[in-house]
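*Asks:* Here you go, upload-v2.txt (compact mmCIF, C-alpha atoms):
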```txt
# COMPACT_ATOMS: atom_id res chain seq x y z
CA MET K 1 75.87 105.13 -8.39
CA THR K 2 79.50 104.58 -9.19
CA SER K 3 81.28 103.31 -12.25
CA THR K 4 84.15 100.95 -11.53
CA ALA K 5 86.35 98.36 -13.18
CA THR K 6 86.12 96.04 -10.14
CA PRO K 7 84.15 92.93 -11.09
CA VAL K 8 80.78 92.61 -9.39
CA ASP K 9 81.06 90.18 -6.47
CA ASN K 10 78.06 89.37 -4.27
CA GLY K 11 79.57 86.06 -3.21
CA VAL K 12 77.31 83.97 -5.45
CA ASN K 13 78.85 81.56 -7.94
CA THR K 14 76.43 82.16 -10.80
CA GLU K 15 78.71 80.40 -13.28
CA PHE K 16 78.20 77.23 -11.28
CA LEU K 17 74.43 77.77 -11.20
CA LEU K 18 74.27 78.28 -14.98
CA THR K 19 76.34 75.12 -15.51
CA ALA K 20 74.06 73.21 -13.14
CA ARG K 21 71.03 74.45 -15.07
CA GLU K 22 72.47 73.08 -18.32
CA ALA K 23 73.54 69.79 -16.75
CA LEU K 24 70.18 69.19 -15.06
CA THR K 25 68.27 70.09 -18.21
CA ALA K 26 70.18 67.25 -19.89
CA GLN K 27 69.80 64.89 -16.91
CA PRO K 28 66.57 65.86 -15.14
CA GLU K 29 66.72 62.86 -12.74
CA GLY K 30 69.60 64.61 -10.94
CA ALA K 31 67.28 67.54 -10.22
CA GLN K 32 64.98 65.44 -8.02
CA PHE K 33 65.77 66.52 -4.45
CA THR K 34 64.26 65.39 -1.15
CA TRP K 35 64.82 67.70 1.82
CA ARG K 36 64.41 66.14 5.25
CA VAL K 37 63.79 67.23 8.83
CA THR K 38 63.28 65.21 12.00
CA ASN K 39 61.35 66.59 14.93
CA THR K 40 61.10 65.44 18.54
CA TRP K 41 58.56 66.60 21.08
CA LEU K 42 60.15 67.75 24.35
CA LYS K 43 57.35 69.09 26.58
CA GLY K 44 54.21 71.15 26.08
CA THR K 45 54.49 73.10 22.83
CA HIS K 46 58.30 72.82 22.87
CA SER K 47 59.89 70.59 20.21
CA ARG K 48 63.30 70.32 18.55
CA SER K 49 64.03 69.80 14.86
CA SER K 50 67.23 68.59 13.23
CA VAL K 51 68.46 69.14 9.69
CA ARG K 52 71.39 67.18 8.29
CA GLY K 53 70.96 64.80 5.33
CA PHE K 54 69.15 65.30 2.05
CA PHE K 55 68.93 63.55 -1.31
CA GLY K 56 70.00 65.23 -4.55
CA LEU K 57 72.06 64.79 -7.73
CA GLY K 58 71.13 61.10 -7.57
CA ALA K 59 72.80 60.46 -4.21
CA GLU K 60 72.52 60.94 -0.46
CA GLN K 61 74.07 64.26 0.62
CA ALA K 62 74.68 66.01 3.92
CA HIS K 63 75.21 69.46 5.35
CA ARG K 64 78.66 70.17 6.83
CA THR K 65 77.07 69.96 10.25
CA GLU K 66 73.72 69.20 11.85
CA PHE K 67 71.50 72.25 12.40
CA GLN K 68 69.09 72.15 15.35
CA PHE K 69 66.09 74.36 16.02
CA ASP K 70 63.82 74.68 19.03
CA GLY K 71 60.25 75.83 18.55
CA ASP K 72 57.74 76.81 21.21
CA HIS K 73 54.93 79.19 22.04
CA PRO K 74 55.49 82.48 23.93
CA GLU K 75 54.77 83.11 27.61
CA LEU K 76 51.69 85.06 26.50
CA PHE K 77 50.16 81.68 25.63
CA ALA K 78 51.15 80.19 29.01
CA ALA K 79 54.10 78.40 27.35
CA GLU K 80 57.81 78.58 28.10
CA ASP K 81 59.08 80.52 25.05
CA ASN K 82 62.01 78.20 24.38
CA GLY K 83 62.05 79.25 20.73
CA PRO K 84 60.17 81.19 18.09
CA THR K 85 56.65 80.22 17.11
CA PRO K 86 56.28 78.08 13.99
CA VAL K 87 54.73 80.98 12.07
CA GLU K 88 57.70 83.22 12.84
CA LEU K 89 59.99 80.46 11.57
CA LEU K 90 57.96 80.36 8.37
CA LEU K 91 58.71 84.08 7.94
CA VAL K 92 62.42 83.33 8.55
CA SER K 93 62.24 80.69 5.83
CA LEU K 94 60.61 83.11 3.37
CA ALA K 95 63.12 85.87 4.21
CA GLY K 96 66.13 83.60 3.65
CA CYS K 97 64.78 82.40 0.32
CA LEU K 98 63.98 85.84 -1.09
CA THR K 99 67.27 87.37 0.11
CA ALA K 100 69.38 84.53 -1.34
CA GLY K 101 67.49 85.10 -4.59
CA VAL K 102 68.19 88.84 -4.53
CA ALA K 103 71.94 88.11 -4.20
CA ALA K 104 71.92 85.48 -6.96
CA VAL K 105 69.90 87.57 -9.42
CA ALA K 106 72.05 90.66 -8.68
CA GLN K 107 75.17 88.65 -9.45
CA ASN K 108 73.67 87.39 -12.69
CA ARG K 109 72.68 90.95 -13.69
CA GLU K 110 76.07 92.34 -12.63
CA ILE K 111 74.61 94.56 -9.92
CA GLN K 112 76.90 95.09 -6.94
CA LEU K 113 74.96 94.89 -3.68
CA ARG K 114 76.15 96.92 -0.71
CA SER K 115 73.43 96.07 1.78
CA VAL K 116 70.14 94.20 1.76
CA SER K 117 67.71 94.02 4.64
CA ALA K 118 64.09 93.07 4.93
CA THR K 119 61.26 93.29 7.43
CA LEU K 120 58.53 90.67 7.27
CA GLU K 121 55.14 90.97 8.91
CA GLY K 122 52.53 88.24 9.04
CA ASP K 123 49.01 89.20 10.14
CA MET K 124 47.00 86.49 11.83
CA ASP K 125 43.69 86.30 13.66
CA ILE K 126 44.41 83.75 16.38
CA ARG K 127 40.71 82.93 16.77
CA GLY K 128 41.43 80.50 13.91
CA ILE K 129 43.96 78.30 15.73
CA LEU K 130 41.96 78.59 18.97
CA GLY K 131 38.91 77.19 17.19
CA ALA K 132 36.85 80.23 18.26
CA ASP K 133 35.39 80.95 14.82
CA PRO K 134 35.23 78.44 11.93
CA ASP K 135 35.21 81.33 9.42
CA VAL K 136 38.64 82.56 10.54
CA ARG K 137 41.56 80.83 8.82
CA ASN K 138 44.39 79.35 10.91
CA GLY K 139 47.24 80.85 8.91
CA PHE K 140 48.30 84.37 7.98
CA ASN K 141 45.75 86.71 6.42
CA ARG K 142 48.63 88.22 4.55
CA ILE K 143 52.39 88.60 4.68
CA LYS K 144 54.11 91.89 3.95
CA VAL K 145 57.80 91.93 3.02
CA THR K 146 59.63 95.26 2.80
CA TYR K 147 63.14 95.35 1.35
CA SER K 148 65.69 98.07 1.83
CA ILE K 149 68.53 97.66 -0.67
CA ASP K 150 71.66 99.68 -1.30
CA ALA K 151 73.20 98.68 -4.64
CA ASP K 152 74.90 99.99 -7.77
CA ALA K 153 71.64 100.15 -9.68
CA SER K 154 68.65 102.39 -10.35
CA PRO K 155 65.54 102.12 -8.15
CA GLU K 156 63.77 100.47 -11.12
CA ASP K 157 66.54 97.86 -11.53
CA ILE K 158 66.44 97.14 -7.79
CA LYS K 159 62.66 96.61 -7.96
CA ALA K 160 63.11 94.29 -10.95
CA LEU K 161 65.75 92.37 -8.99
CA VAL K 162 63.35 91.73 -6.12
CA ALA K 163 60.57 90.78 -8.54
CA GLN K 164 62.81 88.21 -10.24
CA SER K 165 63.79 86.76 -6.85
CA GLN K 166 60.08 86.27 -6.06
CA LYS K 167 59.60 84.58 -9.44
CA ARG K 168 62.30 81.98 -8.71
CA SER K 169 61.77 81.54 -4.97
CA ALA K 170 60.84 78.07 -3.69
CA VAL K 171 59.36 79.31 -0.41
CA TYR K 172 57.43 82.17 -2.04
CA ASP K 173 55.89 79.54 -4.34
CA ILE K 174 55.04 77.20 -1.43
CA VAL K 175 53.41 79.99 0.58
CA THR K 176 51.46 81.67 -2.22
CA ASN K 177 50.29 78.45 -3.92
CA PRO K 178 48.73 75.27 -2.49
CA THR K 179 51.21 72.50 -1.65
CA ASN K 180 50.14 68.94 -1.04
CA VAL K 181 50.97 67.73 2.51
CA VAL K 182 50.38 64.09 3.46
CA VAL K 183 50.44 63.34 7.20
CA GLU K 184 50.67 59.74 8.37
CA VAL K 185 51.04 57.96 11.69
CA ASP K 186 53.39 54.99 11.80
CA MET R 1 47.84 51.03 27.60
CA THR R 2 47.79 51.68 31.32
CA SER R 3 45.10 52.89 33.67
CA THR R 4 46.29 55.36 36.26
CA ALA R 5 45.01 57.96 38.67
CA THR R 6 47.83 60.39 37.80
CA PRO R 7 46.35 63.39 35.96
CA VAL R 8 47.35 63.66 32.30
CA ASP R 9 50.18 66.18 31.94
CA ASN R 10 51.72 66.96 28.56
CA GLY R 11 52.95 70.35 29.74
CA VAL R 12 50.24 72.30 27.91
CA ASN R 13 48.00 74.68 29.83
CA THR R 14 44.74 73.91 28.02
CA GLU R 15 42.70 75.67 30.70
CA PHE R 16 44.45 78.88 29.72
CA LEU R 17 43.80 78.21 26.02
CA LEU R 18 40.10 77.59 26.61
CA THR R 19 39.86 80.79 28.67
CA ALA R 20 41.70 82.69 25.91
CA ARG R 21 39.24 81.31 23.35
CA GLU R 22 36.31 82.64 25.35
CA ALA R 23 37.93 86.00 26.02
CA LEU R 24 38.90 86.54 22.37
CA THR R 25 35.48 85.48 21.13
CA ALA R 26 34.10 88.33 23.25
CA GLN R 27 36.87 90.75 22.24
CA PRO R 28 38.02 89.73 18.74
CA GLU R 29 40.29 92.79 18.35
CA GLY R 30 42.70 91.22 20.86
CA ALA R 31 43.05 88.21 18.52
CA GLN R 32 44.69 90.30 15.80
CA PHE R 33 48.37 89.35 15.89
CA THR R 34 51.29 90.52 13.76
CA TRP R 35 54.38 88.32 13.79
CA ARG R 36 57.62 89.97 12.68
CA VAL R 37 61.03 88.94 11.41
CA THR R 38 63.97 91.04 10.24
CA ASN R 39 66.53 89.67 7.80
CA THR R 40 69.98 90.93 6.84
CA TRP R 41 72.04 89.75 3.88
CA LEU R 42 75.59 88.75 4.83
CA LYS R 43 77.26 87.36 1.70
CA GLY R 44 76.25 85.18 -1.22
CA THR R 45 73.17 83.15 -0.26
CA HIS R 46 73.94 83.59 3.46
CA SER R 47 71.56 85.78 5.47
CA ARG R 48 70.57 86.12 9.12
CA SER R 49 67.09 86.56 10.55
CA SER R 50 66.06 87.84 13.96
CA VAL R 51 62.85 87.22 15.87
CA ARG R 52 61.97 89.24 18.96
CA GLY R 53 58.91 91.50 19.04
CA PHE R 54 55.36 90.86 17.92
CA PHE R 55 51.97 92.50 18.30
CA GLY R 56 49.04 90.77 20.01
CA LEU R 57 46.31 91.20 22.64
CA GLY R 58 46.18 94.85 21.59
CA ALA R 59 49.76 95.65 22.57
CA GLU R 60 53.39 95.27 21.59
CA GLN R 61 54.85 92.01 22.99
CA ALA R 62 58.29 90.39 23.00
CA HIS R 63 59.91 87.00 23.34
CA ARG R 64 62.06 86.48 26.46
CA THR R 65 65.11 86.72 24.23
CA GLU R 66 66.01 87.42 20.60
CA PHE R 67 66.20 84.31 18.41
CA GLN R 68 68.63 84.40 15.46
CA PHE R 69 68.78 82.09 12.45
CA ASP R 70 71.31 81.80 9.67
CA GLY R 71 70.19 80.52 6.29
CA ASP R 72 72.35 79.52 3.35
CA HIS R 73 72.71 77.06 0.48
CA PRO R 74 74.78 73.86 0.77
CA GLU R 75 78.28 73.31 -0.64
CA LEU R 76 76.67 71.23 -3.39
CA PHE R 77 75.38 74.53 -4.83
CA ALA R 78 78.84 76.13 -4.53
CA ALA R 79 77.73 77.96 -1.38
CA GLU R 80 79.17 77.94 2.14
CA ASP R 81 76.50 75.97 4.01
CA ASN R 82 76.32 78.37 6.95
CA GLY R 83 72.79 77.23 7.73
CA PRO R 84 69.89 75.15 6.46
CA THR R 85 68.24 75.95 3.17
CA PRO R 86 65.03 78.00 3.36
CA VAL R 87 62.95 74.98 2.28
CA GLU R 88 64.35 72.88 5.12
CA LEU R 89 63.45 75.69 7.53
CA LEU R 90 59.93 75.62 6.15
CA LEU R 91 59.77 71.92 7.08
CA VAL R 92 61.06 72.81 10.58
CA SER R 93 58.26 75.37 10.86
CA LEU R 94 55.63 72.82 9.80
CA ALA R 95 57.03 70.17 12.17
CA GLY R 96 56.99 72.53 15.16
CA CYS R 97 53.42 73.58 14.46
CA LEU R 98 52.00 70.07 14.06
CA THR R 99 53.87 68.71 17.08
CA ALA R 100 52.75 71.57 19.35
CA GLY R 101 49.23 70.84 18.15
CA VAL R 102 49.55 67.13 18.93
CA ALA R 103 50.56 68.00 22.52
CA ALA R 104 47.77 70.56 22.96
CA VAL R 105 45.04 68.32 21.52
CA ALA R 106 46.29 65.34 23.56
CA GLN R 107 46.07 67.43 26.72
CA ASN R 108 42.55 68.54 25.85
CA ARG R 109 41.52 64.92 25.17
CA GLU R 110 43.26 63.67 28.33
CA ILE R 111 45.70 61.48 26.43
CA GLN R 112 49.09 61.13 28.11
CA LEU R 113 51.92 61.35 25.57
CA ARG R 114 55.11 59.44 26.23
CA SER R 115 57.00 60.26 23.04
CA VAL R 116 56.29 62.03 19.78
CA SER R 117 58.64 62.19 16.83
CA ALA R 118 58.18 63.03 13.19
CA THR R 119 60.09 62.79 9.94
CA LEU R 120 59.31 65.32 7.23
CA GLU R 121 60.29 64.94 3.59
CA GLY R 122 59.82 67.58 0.92
CA ASP R 123 60.23 66.53 -2.71
CA MET R 124 61.42 69.21 -5.09
CA ASP R 125 62.56 69.33 -8.70
CA ILE R 126 65.27 71.99 -8.59
CA ARG R 127 64.91 72.69 -12.32
CA GLY R 128 62.16 75.07 -11.11
CA ILE R 129 64.35 77.40 -9.05
CA LEU R 130 67.16 77.14 -11.64
CA GLY R 131 64.78 78.38 -14.33
CA ALA R 132 65.52 75.30 -16.46
CA ASP R 133 61.90 74.44 -17.22
CA PRO R 134 58.95 76.85 -16.87
CA ASP R 135 56.58 73.90 -16.33
CA VAL R 136 58.38 72.82 -13.14
CA ARG R 137 57.21 74.60 -10.01
CA ASN R 138 59.76 76.22 -7.69
CA GLY R 139 58.43 74.77 -4.46
CA PHE R 140 57.83 71.28 -3.13
CA ASN R 141 55.87 68.79 -5.26
CA ARG R 142 54.65 67.35 -2.02
CA ILE R 143 55.52 67.09 1.66
CA LYS R 144 55.23 63.85 3.57
CA VAL R 145 55.05 63.91 7.37
CA THR R 146 55.30 60.64 9.30
CA TYR R 147 54.55 60.63 13.02
CA SER R 148 55.60 58.02 15.50
CA ILE R 149 53.69 58.45 18.76
CA ASP R 150 53.75 56.50 22.01
CA ALA R 151 50.74 57.46 24.15
CA ASP R 152 48.06 56.14 26.46
CA ALA R 153 45.55 55.80 23.64
CA SER R 154 44.39 53.45 20.91
CA PRO R 155 45.94 53.69 17.42
CA GLU R 156 42.61 55.17 16.22
CA ASP R 157 42.67 57.86 18.92
CA ILE R 158 46.29 58.68 18.08
CA LYS R 159 45.39 59.10 14.39
CA ALA R 160 42.46 61.32 15.36
CA LEU R 161 44.83 63.39 17.52
CA VAL R 162 47.15 64.05 14.59
CA ALA R 163 44.21 64.82 12.30
CA GLN R 164 42.89 67.41 14.76
CA SER R 165 46.35 68.99 15.02
CA GLN R 166 46.38 69.38 11.20
CA LYS R 167 42.93 70.94 11.33
CA ARG R 168 44.07 73.66 13.77
CA SER R 169 47.62 74.19 12.50
CA ALA R 170 48.58 77.66 11.26
CA VAL R 171 51.56 76.47 9.20
CA TYR R 172 49.67 73.49 7.71
CA ASP R 173 47.04 76.00 6.56
CA ILE R 174 49.63 78.40 5.11
CA VAL R 175 51.40 75.61 3.19
CA THR R 176 48.33 73.79 1.87
CA ASN R 177 46.33 76.91 0.96
CA PRO R 178 47.32 80.07 -0.94
CA THR R 179 48.51 82.95 1.25
CA ASN R 180 48.78 86.49 -0.01
CA VAL R 181 52.37 87.84 0.06
CA VAL R 182 53.06 91.48 -0.79
CA VAL R 183 56.71 92.33 -1.48
CA GLU R 184 57.78 95.97 -1.60
CA VAL R 185 61.05 97.85 -1.92
CA ASP R 186 61.50 100.93 0.27
```
Would you write out, as structure tokens, the structure that this file holds?

*Replies:*
Amino acid sequence: MTSTATPVDNGVNTEFLLTAREALTAQPEGAQFTWRVTNTWLKGTHSRSSVRGFFGLGAEQAHRTEFQFDGDHPELFAAEDNGPTPVELLLVSLAGCLTAGVAAVAQNREIQLRSVSATLEGDMDIRGILGADPDVRNGFNRIKVTYSIDADASPEDIKALVAQSQKRSAVYDIVTNPTNVVVEVD
Amino acid sequence: MTSTATPVDNGVNTEFLLTAREALTAQPEGAQFTWRVTNTWLKGTHSRSSVRGFFGLGAEQAHRTEFQFDGDHPELFAAEDNGPTPVELLLVSLAGCLTAGVAAVAQNREIQLRSVSATLEGDMDIRGILGADPDVRNGFNRIKVTYSIDADASPEDIKALVAQSQKRSAVYDIVTNPTNVVVEVD
């Protein structure tokens, strides 16, 4: 641990986030966001998703650019492995959410981060998705996330940082709690 | 709808999947998979995830290549928008899973697909993640998935196809039901 006069800078604009919190508390309709993805089947288990526009702050918004993602199954499943499996992408989503939270909370608590990395493991019994045993669930039995963090803070403060990130994480909430999904055919 | 002697081909090897189901019913230890992702913080809310190795069929396995994904927050949140938000990536994950399922089930039911596309919308009140109101959840209030499918089948059979994909989907299960997530700091 070092003591320094340099202001803590993790690259997160927490002043903006605190202002947004106040503004959206006063005008909660601006806080209603809709995130959107389109997906197109290509062949077999290979499909492509695009992310560009979303709705928020009462208006249509857009990312700077369109982001595209291919998903597929691996060769092990007699597929072409043109992209990660959907369950791996879910781990990517969880990782990005928790790590962004670690950076934001660290900034708010004036903890300078030097490095943050995480390993995520999702255990799954694939007899579920294969329909081999109705008592086996389709999804993960459990997910284990292990962080390794180098920061100007005590081990206890680093643990508290990660715990607070979990508490505010959208994806952690979606994965650990039931979320209503409606599927329709046009 | 057309009647044709051409065998149905959606690019999914269902024979392999049915053989795998039998084999893993006999040897359930081979069905224990662990999917892995590593994530590294770059700056602010920007992090990068990598997907390569996984464990399954009793041995260490690997994708043909490493897949990398950047995640970030949009400029609207005073961030740099170097990638989709984690919640958008979760929608990508769900889309890829359901669409792969549609193709696999269609193959198994001998339904020729011509085109499959989906739009996913996730509604979220961002007062949750901002900590503005403890009664607002962090994650999606609900997800709506709308499929548009052109196939050699009746509208009823197409709806049944999508319903069966939901029933066997790993990500649909993870999102709609609680999944245990353990987060540790090394």

*Asks:* Present chain K as a tab-separated table (two decimals) with C-alpha atoms, in the coordinates of the input, least-squares fitted onto chain R over all of its C-alpha atoms paired in order.

*Replies:*
```
chain	number	residue	atom	x	y	z
K	1	MET	CA	47.82	51.01	27.67
K	2	THR	CA	47.72	51.66	31.37
K	3	SER	CA	45.02	52.91	33.68
K	4	THR	CA	46.20	55.38	36.28
K	5	ALA	CA	44.91	58.00	38.69
K	6	THR	CA	47.77	60.40	37.80
K	7	PRO	CA	46.35	63.41	35.97
K	8	VAL	CA	47.35	63.66	32.33
K	9	ASP	CA	50.18	66.18	31.96
K	10	ASN	CA	51.73	66.95	28.57
K	11	GLY	CA	52.95	70.34	29.75
K	12	VAL	CA	50.24	72.28	27.91
K	13	ASN	CA	48.01	74.67	29.84
K	14	THR	CA	44.76	73.91	28.04
K	15	GLU	CA	42.71	75.67	30.70
K	16	PHE	CA	44.46	78.88	29.73
K	17	LEU	CA	43.83	78.21	26.03
K	18	LEU	CA	40.11	77.59	26.62
K	19	THR	CA	39.88	80.80	28.66
K	20	ALA	CA	41.69	82.70	25.91
K	21	ARG	CA	39.26	81.30	23.35
K	22	GLU	CA	36.30	82.62	25.36
K	23	ALA	CA	37.93	85.99	26.01
K	24	LEU	CA	38.92	86.52	22.37
K	25	THR	CA	35.49	85.47	21.13
K	26	ALA	CA	34.12	88.32	23.25
K	27	GLN	CA	36.88	90.75	22.23
K	28	PRO	CA	38.03	89.72	18.75
K	29	GLU	CA	40.30	92.80	18.34
K	30	GLY	CA	42.69	91.20	20.87
K	31	ALA	CA	43.05	88.21	18.54
K	32	GLN	CA	44.69	90.29	15.79
K	33	PHE	CA	48.38	89.35	15.91
K	34	THR	CA	51.28	90.52	13.75
K	35	TRP	CA	54.38	88.31	13.79
K	36	ARG	CA	57.61	89.96	12.68
K	37	VAL	CA	61.04	88.95	11.40
K	38	THR	CA	63.98	91.04	10.23
K	39	ASN	CA	66.53	89.68	7.81
K	40	THR	CA	69.98	90.93	6.83
K	41	TRP	CA	72.02	89.75	3.88
K	42	LEU	CA	75.57	88.75	4.83
K	43	LYS	CA	77.26	87.38	1.69
K	44	GLY	CA	76.24	85.20	-1.23
K	45	THR	CA	73.18	83.17	-0.27
K	46	HIS	CA	73.94	83.58	3.45
K	47	SER	CA	71.56	85.79	5.46
K	48	ARG	CA	70.58	86.13	9.12
K	49	SER	CA	67.09	86.57	10.54
K	50	SER	CA	66.07	87.84	13.96
K	51	VAL	CA	62.85	87.23	15.87
K	52	ARG	CA	61.98	89.25	18.96
K	53	GLY	CA	58.91	91.53	19.04
K	54	PHE	CA	55.36	90.87	17.92
K	55	PHE	CA	51.96	92.51	18.31
K	56	GLY	CA	49.05	90.78	20.04
K	57	LEU	CA	46.32	91.20	22.66
K	58	GLY	CA	46.16	94.86	21.61
K	59	ALA	CA	49.76	95.65	22.58
K	60	GLU	CA	53.40	95.27	21.59
K	61	GLN	CA	54.87	92.04	22.99
K	62	ALA	CA	58.29	90.41	23.00
K	63	HIS	CA	59.91	87.02	23.34
K	64	ARG	CA	62.06	86.47	26.46
K	65	THR	CA	65.10	86.73	24.23
K	66	GLU	CA	65.99	87.41	20.61
K	67	PHE	CA	66.21	84.31	18.41
K	68	GLN	CA	68.63	84.41	15.47
K	69	PHE	CA	68.78	82.12	12.46
K	70	ASP	CA	71.31	81.80	9.66
K	71	GLY	CA	70.19	80.52	6.29
K	72	ASP	CA	72.35	79.53	3.34
K	73	HIS	CA	72.70	77.08	0.49
K	74	PRO	CA	74.78	73.86	0.76
K	75	GLU	CA	78.27	73.32	-0.64
K	76	LEU	CA	76.65	71.23	-3.39
K	77	PHE	CA	75.38	74.53	-4.82
K	78	ALA	CA	78.84	76.15	-4.54
K	79	ALA	CA	77.72	77.99	-1.38
K	80	GLU	CA	79.18	77.96	2.12
K	81	ASP	CA	76.50	75.98	4.01
K	82	ASN	CA	76.33	78.38	6.95
K	83	GLY	CA	72.79	77.23	7.73
K	84	PRO	CA	69.91	75.15	6.45
K	85	THR	CA	68.23	75.97	3.16
K	86	PRO	CA	65.03	78.00	3.34
K	87	VAL	CA	62.95	74.99	2.28
K	88	GLU	CA	64.36	72.88	5.11
K	89	LEU	CA	63.46	75.68	7.52
K	90	LEU	CA	59.92	75.62	6.15
K	91	LEU	CA	59.78	71.92	7.07
K	92	VAL	CA	61.07	72.81	10.57
K	93	SER	CA	58.27	75.36	10.85
K	94	LEU	CA	55.63	72.82	9.80
K	95	ALA	CA	57.03	70.17	12.17
K	96	GLY	CA	56.99	72.53	15.17
K	97	CYS	CA	53.42	73.58	14.46
K	98	LEU	CA	52.00	70.08	14.05
K	99	THR	CA	53.87	68.70	17.08
K	100	ALA	CA	52.76	71.57	19.35
K	101	GLY	CA	49.22	70.84	18.15
K	102	VAL	CA	49.55	67.13	18.93
K	103	ALA	CA	50.57	68.00	22.52
K	104	ALA	CA	47.77	70.55	22.96
K	105	VAL	CA	45.04	68.32	21.52
K	106	ALA	CA	46.29	65.33	23.57
K	107	GLN	CA	46.07	67.42	26.72
K	108	ASN	CA	42.56	68.53	25.85
K	109	ARG	CA	41.51	64.91	25.17
K	110	GLU	CA	43.25	63.67	28.33
K	111	ILE	CA	45.71	61.48	26.43
K	112	GLN	CA	49.09	61.12	28.11
K	113	LEU	CA	51.90	61.35	25.57
K	114	ARG	CA	55.12	59.44	26.22
K	115	SER	CA	57.00	60.27	23.05
K	116	VAL	CA	56.28	62.02	19.77
K	117	SER	CA	58.63	62.20	16.82
K	118	ALA	CA	58.18	63.03	13.19
K	119	THR	CA	60.09	62.79	9.94
K	120	LEU	CA	59.32	65.31	7.22
K	121	GLU	CA	60.28	64.94	3.58
K	122	GLY	CA	59.81	67.58	0.92
K	123	ASP	CA	60.24	66.53	-2.72
K	124	MET	CA	61.41	69.21	-5.10
K	125	ASP	CA	62.56	69.34	-8.70
K	126	ILE	CA	65.28	71.99	-8.60
K	127	ARG	CA	64.91	72.70	-12.32
K	128	GLY	CA	62.16	75.07	-11.13
K	129	ILE	CA	64.36	77.40	-9.07
K	130	LEU	CA	67.16	77.14	-11.65
K	131	GLY	CA	64.78	78.38	-14.33
K	132	ALA	CA	65.53	75.30	-16.48
K	133	ASP	CA	61.90	74.43	-17.22
K	134	PRO	CA	58.95	76.85	-16.88
K	135	ASP	CA	56.59	73.89	-16.33
K	136	VAL	CA	58.39	72.81	-13.15
K	137	ARG	CA	57.21	74.59	-10.01
K	138	ASN	CA	59.75	76.23	-7.68
K	139	GLY	CA	58.40	74.77	-4.45
K	140	PHE	CA	57.81	71.27	-3.13
K	141	ASN	CA	55.87	68.80	-5.26
K	142	ARG	CA	54.65	67.33	-2.03
K	143	ILE	CA	55.52	67.09	1.64
K	144	LYS	CA	55.25	63.84	3.56
K	145	VAL	CA	55.05	63.90	7.36
K	146	THR	CA	55.31	60.63	9.29
K	147	TYR	CA	54.57	60.62	13.02
K	148	SER	CA	55.63	58.01	15.50
K	149	ILE	CA	53.71	58.44	18.76
K	150	ASP	CA	53.77	56.51	22.01
K	151	ALA	CA	50.76	57.47	24.14
K	152	ASP	CA	48.06	56.13	26.45
K	153	ALA	CA	45.56	55.80	23.63
K	154	SER	CA	44.41	53.44	20.90
K	155	PRO	CA	45.95	53.67	17.41
K	156	GLU	CA	42.64	55.17	16.21
K	157	ASP	CA	42.68	57.86	18.93
K	158	ILE	CA	46.31	58.68	18.08
K	159	LYS	CA	45.39	59.08	14.39
K	160	ALA	CA	42.46	61.32	15.35
K	161	LEU	CA	44.83	63.39	17.50
K	162	VAL	CA	47.16	64.03	14.57
K	163	ALA	CA	44.21	64.81	12.29
K	164	GLN	CA	42.89	67.41	14.75
K	165	SER	CA	46.35	68.99	15.01
K	166	GLN	CA	46.39	69.37	11.20
K	167	LYS	CA	42.92	70.95	11.34
K	168	ARG	CA	44.07	73.66	13.77
K	169	SER	CA	47.62	74.19	12.51
K	170	ALA	CA	48.57	77.66	11.25
K	171	VAL	CA	51.55	76.46	9.20
K	172	TYR	CA	49.68	73.49	7.70
K	173	ASP	CA	47.03	76.00	6.57
K	174	ILE	CA	49.64	78.39	5.10
K	175	VAL	CA	51.39	75.61	3.19
K	176	THR	CA	48.33	73.78	1.87
K	177	ASN	CA	46.32	76.91	0.96
K	178	PRO	CA	47.31	80.07	-0.93
K	179	THR	CA	48.52	82.95	1.26
K	180	ASN	CA	48.78	86.48	-0.01
K	181	VAL	CA	52.38	87.82	0.08
K	182	VAL	CA	53.07	91.47	-0.79
K	183	VAL	CA	56.72	92.33	-1.48
K	184	GLU	CA	57.79	95.96	-1.58
K	185	VAL	CA	61.05	97.85	-1.92
K	186	ASP	CA	61.51	100.90	0.28
```

*Asks:* Please measure the separation of atom CA of R:Asp72 and atom CA of R:Thr176, giving the value in Å to one decimal.

*Replies:*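 Going from atom CA of R:Asp72 over to atom CA of R:Thr176, I get 24.7 Å.
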
*Asks:* Between K:Thr19, K:Asn82, K:Ser117, K:Thr14, which one has atoms that come closest to K:Asp150, using only C-alpha atoms?

*Replies:*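 Selected residue with least distance to K:Asp150: K:Ser117.
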
*Asks:* Counting all atoms listed in the file, what is within 9 Å of R:Thr34, bar same-chain residues fewer than 4 positions away, as a list in words?

*Replies:*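 Answer for this query is Glu121, Gly122, Asp123, Met124, Asp125 and Phe140 of chain K; Phe54, Phe55 and Gly56 of chain R.
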
*Asks:* Please, what distance in Å, to one decimal, runs between atom CA of K:Leu120 and atom CA of R:Arg36?

*Replies:*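 Distance between the two atoms: 5.5 Å.
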
*Asks:* Find the spatial neighbours of K:Thr65, counting only C-alpha atoms, within a cut-off of 10 Å - ignore same-chain residues fewer than 6 positions away - and output them as a PyMOL selection string.

*Replies:* (chain K and resi 51-53) or (chain R and resi 81-84)

*Asks:* For R:Glu80, which residue among K:Lys43, K:Arg142, K:Lys167, K:Arg64 is the nearest when counting all atoms listed in the file?

*Replies:*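 Distance minimum relative to R:Glu80 lands on K:Arg64.
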
*Asks:* Kindly give the distance, in Å, that separates atom CA of R:Thr38 and atom CA of R:His63, rounded to a single decimal.

*Replies:*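 Atom-to-atom, atom CA of R:Thr38 and atom CA of R:His63 are spaced 14.3 Å apart.
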
*Asks:* List the neighbours of K:Asn138 out to 7 Å using only C-alpha atoms; skip same-chain residues closer than 6 positions along the sequence, and give me the result as number ranges by chain.

*Replies:* K: 128-129; R: 168-170, 173
